[in-house]
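Structure file query_13.cif with mmCIF, C-alpha atoms:
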```cif
data_run
#
loop_
_atom_site.label_atom_id
_atom_site.label_comp_id
_atom_site.auth_asym_id
_atom_site.auth_seq_id
_atom_site.Cartn_x
_atom_site.Cartn_y
_atom_site.Cartn_z
CA MET A 1 2.38 -13.65 14.69
CA SER A 2 4.34 -10.54 15.53
CA ALA A 3 8.00 -10.51 16.44
CA PRO A 4 9.79 -7.80 18.40
CA ILE A 5 12.32 -5.64 16.59
CA SER A 6 14.90 -3.17 17.79
CA ILE A 7 15.47 0.21 16.15
CA ARG A 8 17.83 3.05 16.94
CA LEU A 9 16.43 6.58 16.82
CA ASP A 10 18.28 9.86 16.90
CA ASP A 11 17.58 11.83 20.08
CA GLU A 12 15.63 14.53 18.22
CA VAL A 13 13.53 12.00 16.33
CA ARG A 14 12.79 10.09 19.52
CA LYS A 15 11.76 13.29 21.34
CA GLU A 16 9.45 14.25 18.48
CA LEU A 17 7.84 10.81 18.37
CA GLU A 18 7.48 10.65 22.15
CA ALA A 19 5.75 14.04 22.10
CA GLU A 20 3.38 12.84 19.39
CA ALA A 21 2.65 9.65 21.33
CA ARG A 22 1.89 11.67 24.46
CA ALA A 23 -0.42 13.96 22.49
CA ARG A 24 -2.32 10.89 21.26
CA LYS A 25 -2.27 9.39 24.76
CA ILE A 26 -0.56 6.22 23.56
CA GLY A 27 2.84 4.68 24.15
CA LEU A 28 5.80 5.18 21.83
CA ALA A 29 5.74 1.52 20.78
CA THR A 30 2.06 1.80 19.83
CA LEU A 31 2.76 4.93 17.78
CA LEU A 32 5.65 3.23 16.00
CA ARG A 33 3.45 0.20 15.19
CA GLN A 34 0.79 2.53 13.75
CA ILE A 35 3.37 4.37 11.66
CA ALA A 36 4.81 1.07 10.38
CA LYS A 37 1.34 -0.32 9.60
CA ASP A 38 0.39 2.83 7.67
CA ALA A 39 3.68 2.77 5.75
CA ALA A 40 3.24 -0.91 4.87
CA ARG A 41 -0.29 -0.21 3.57
CA GLU A 42 1.00 2.66 1.40
CA VAL A 43 3.84 0.51 0.03
CA ARG A 44 1.34 -2.23 -0.84
CA ARG A 45 -1.02 0.27 -2.52
CA LYS A 46 1.85 1.80 -4.49
CA ARG A 47 2.94 -1.64 -5.68
CA ILE A 48 -0.64 -2.48 -6.75
CA ARG A 49 -0.94 0.84 -8.65
CA GLU A 50 2.39 0.21 -10.41
CA GLN A 51 1.34 -3.32 -11.38
CA THR A 52 -2.02 -2.08 -12.62
CA GLU A 53 -0.29 0.55 -14.75
CA ALA A 54 2.08 -2.09 -16.15
CA VAL A 55 -0.88 -4.29 -17.12
CA GLY A 56 -2.59 -1.30 -18.75
CA ARG A 57 0.54 -0.50 -20.77
CA TYR A 58 0.83 -4.13 -21.85
CA ILE A 59 -2.83 -4.28 -22.92
CA ALA A 60 -2.48 -1.00 -24.82
CA SER A 61 0.57 -2.28 -26.71
CA ASN A 62 -0.61 -5.83 -27.45
CA PRO A 63 -3.58 -6.36 -29.79
CA GLU A 64 -4.35 -9.87 -28.44
CA ALA A 65 -4.32 -8.65 -24.86
CA LYS A 66 -6.49 -5.69 -25.82
CA GLU A 67 -9.05 -7.95 -27.49
CA PHE A 68 -9.06 -10.33 -24.52
CA SER A 69 -9.49 -7.46 -22.07
CA GLU A 70 -12.29 -5.89 -24.07
CA PHE A 71 -14.17 -9.19 -24.26
CA TRP A 72 -13.63 -10.53 -20.75
CA GLY A 73 -13.21 -7.25 -18.92
CA THR A 74 -16.56 -5.80 -19.97
CA PRO A 75 -19.66 -6.94 -18.07
CA ARG A 76 -22.36 -8.26 -20.37
CA GLN A 77 -26.04 -8.93 -19.87
CA GLU A 78 -26.35 -11.42 -22.70
CA GLY A 79 -28.60 -14.37 -21.96
CA LEU A 80 -30.53 -12.70 -19.14
#
```
The structure given in the file should be rewritten as C-alpha coordinates.
Amino acid sequence: MSAPISIRLDDEVRKELEAEARARKIGLATLLRQIAKDAAREVRRKRIREQTEAVGRYIASNPEAKEFSEFWGTPRQEGL
(Lines of atoms letter the chains of each structure in order from A and count residues from 1; the text may use other names and numbers.)
(Lines give C-alpha, C1' and ligand atoms only; values in the text may rest on other atoms or scores of the structure.)
Protein backbone atom coordinates (compact mmCIF):
# COMPACT_ATOMS: atom_id res chain seq x y z
CA MET A 1 0.00 0.00 0.00
CA SER A 2 1.40 3.38 -0.92
CA ALA A 3 1.63 6.31 1.44
CA PRO A 4 1.86 9.97 0.45
CA ILE A 5 5.11 11.81 1.11
CA SER A 6 6.05 15.45 1.00
CA ILE A 7 9.27 16.72 -0.59
CA ARG A 8 10.68 20.20 -1.03
CA LEU A 9 12.20 21.05 -4.40
CA ASP A 10 14.29 24.04 -5.36
CA ASP A 11 12.51 26.30 -7.84
CA GLU A 12 14.89 25.43 -10.68
CA VAL A 13 14.61 21.69 -10.04
CA ARG A 14 10.83 21.91 -9.90
CA LYS A 15 10.69 23.88 -13.18
CA GLU A 16 12.93 21.32 -14.88
CA LEU A 17 10.85 18.39 -13.63
CA GLU A 18 7.58 20.09 -14.54
CA ALA A 19 8.89 20.69 -18.06
CA GLU A 20 9.88 17.04 -18.36
CA ALA A 21 6.49 15.93 -17.08
CA ARG A 22 4.74 18.15 -19.62
CA ALA A 23 6.92 16.76 -22.41
CA ARG A 24 5.88 13.23 -21.40
CA LYS A 25 2.26 14.35 -21.04
CA ILE A 26 2.07 13.19 -17.43
CA GLY A 27 1.70 14.96 -14.12
CA LEU A 28 4.61 15.94 -11.91
CA ALA A 29 3.60 13.43 -9.24
CA THR A 30 3.57 10.63 -11.83
CA LEU A 31 7.02 11.63 -13.06
CA LEU A 32 8.37 11.70 -9.51
CA ARG A 33 6.92 8.23 -8.82
CA GLN A 34 8.59 6.91 -11.99
CA ILE A 35 11.92 8.46 -11.01
CA ALA A 36 11.66 7.01 -7.49
CA LYS A 37 10.70 3.56 -8.82
CA ASP A 38 13.63 3.56 -11.25
CA ALA A 39 16.03 4.68 -8.51
CA ALA A 40 14.77 1.98 -6.12
CA ARG A 41 15.28 -0.68 -8.82
CA GLU A 42 18.85 0.51 -9.44
CA VAL A 43 19.62 0.54 -5.71
CA ARG A 44 18.29 -3.02 -5.40
CA ARG A 45 20.33 -4.18 -8.43
CA LYS A 46 23.46 -2.52 -7.07
CA ARG A 47 22.98 -4.24 -3.71
CA ILE A 48 22.50 -7.62 -5.43
CA ARG A 49 25.66 -7.10 -7.53
CA GLU A 50 27.66 -6.16 -4.41
CA GLN A 51 26.38 -9.22 -2.53
CA THR A 52 27.15 -11.47 -5.49
CA GLU A 53 30.69 -10.08 -5.65
CA ALA A 54 31.11 -10.65 -1.89
CA VAL A 55 30.02 -14.28 -2.27
CA GLY A 56 32.44 -14.71 -5.19
CA ARG A 57 35.31 -13.30 -3.13
CA TYR A 58 34.42 -15.59 -0.23
CA ILE A 59 34.28 -18.67 -2.47
CA ALA A 60 37.59 -17.74 -4.09
CA SER A 61 39.29 -17.39 -0.70
CA ASN A 62 37.78 -20.43 1.06
CA PRO A 63 38.66 -23.92 -0.19
CA GLU A 64 35.57 -25.55 1.39
CA ALA A 65 33.26 -22.98 -0.14
CA LYS A 66 34.99 -23.38 -3.50
CA GLU A 67 34.55 -27.16 -3.41
CA PHE A 68 30.89 -26.82 -2.39
CA SER A 69 30.23 -24.29 -5.15
CA GLU A 70 31.94 -26.40 -7.78
CA PHE A 71 29.93 -29.48 -6.81
CA TRP A 72 26.50 -27.94 -6.22
CA GLY A 73 26.78 -24.97 -8.54
CA THR A 74 27.51 -26.99 -11.67
CA PRO A 75 24.57 -28.63 -13.45
CA ARG A 76 25.08 -32.34 -13.97
CA GLN A 77 23.37 -34.87 -16.20
CA GLU A 78 24.35 -37.89 -14.14
CA GLY A 79 21.65 -40.53 -13.85
CA LEU A 80 19.68 -39.43 -16.92
### Task
Tell me which protein, DNA and RNA residues are within 12 Å of range 24-34 of chain A, counting all atoms listed in the file, leaving out same-chain ones fewer than 2 positions away, and put them as a list of chain:residue names.
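Once the adjacent positions are removed, what remains is A:Ser2, A:Ala3, A:Pro4, A:Ile5, A:Ser6, A:Ile7, A:Leu9, A:Val13, A:Arg14, A:Lys15, A:Glu16, A:Leu17, A:Glu18, A:Ala19, A:Glu20, A:Ala21, A:Arg22, A:Ala36, A:Lys37, A:Asp38, A:Ala39, A:Ala40, A:Arg41.
Comparing A:Met1, A:Gln77, A:Arg8, A:Ser69 by their smallest distance to Val55 in chain A, the closest is A:Ser69 (using all atoms listed in the file).
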Find the spatial neighbours of Ala65 in chain A, counting all atoms listed in the file, within a cut-off of 10 Å - ignore same-chain residues fewer than 6 positions away - and output them as a short mmCIF file (atom, residue, chain, number, x, y, z; two decimals) with C-alpha atoms, in the coordinates of the input.
```
data_model
loop_
_atom_site.label_atom_id
_atom_site.label_comp_id
_atom_site.auth_asym_id
_atom_site.auth_seq_id
_atom_site.Cartn_x
_atom_site.Cartn_y
_atom_site.Cartn_z
CA VAL A 55 -0.88 -4.29 -17.12
CA GLY A 56 -2.59 -1.30 -18.75
CA TYR A 58 0.83 -4.13 -21.85
CA ILE A 59 -2.83 -4.28 -22.92
CA PHE A 71 -14.17 -9.19 -24.26
#
```
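Atom pair CA of Lys66 in chain A / CA of Val43 in chain A: separated by 28.5 Å.
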What box, with edges along x, y and z, holds each listed atom of range 65-68 of chain A when 6 Å is added on every side, and can you state its centre and edge lengths in Å to one decimal, as JSON?
```
{"center_x": -6.7, "center_y": -8.0, "center_z": -26.0, "size_x": 16.7, "size_y": 16.6, "size_z": 15.0}
```
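When CA of Glu67 in chain A is paired with CA of Ala54 in chain A, their separation reads 16.9 Å.
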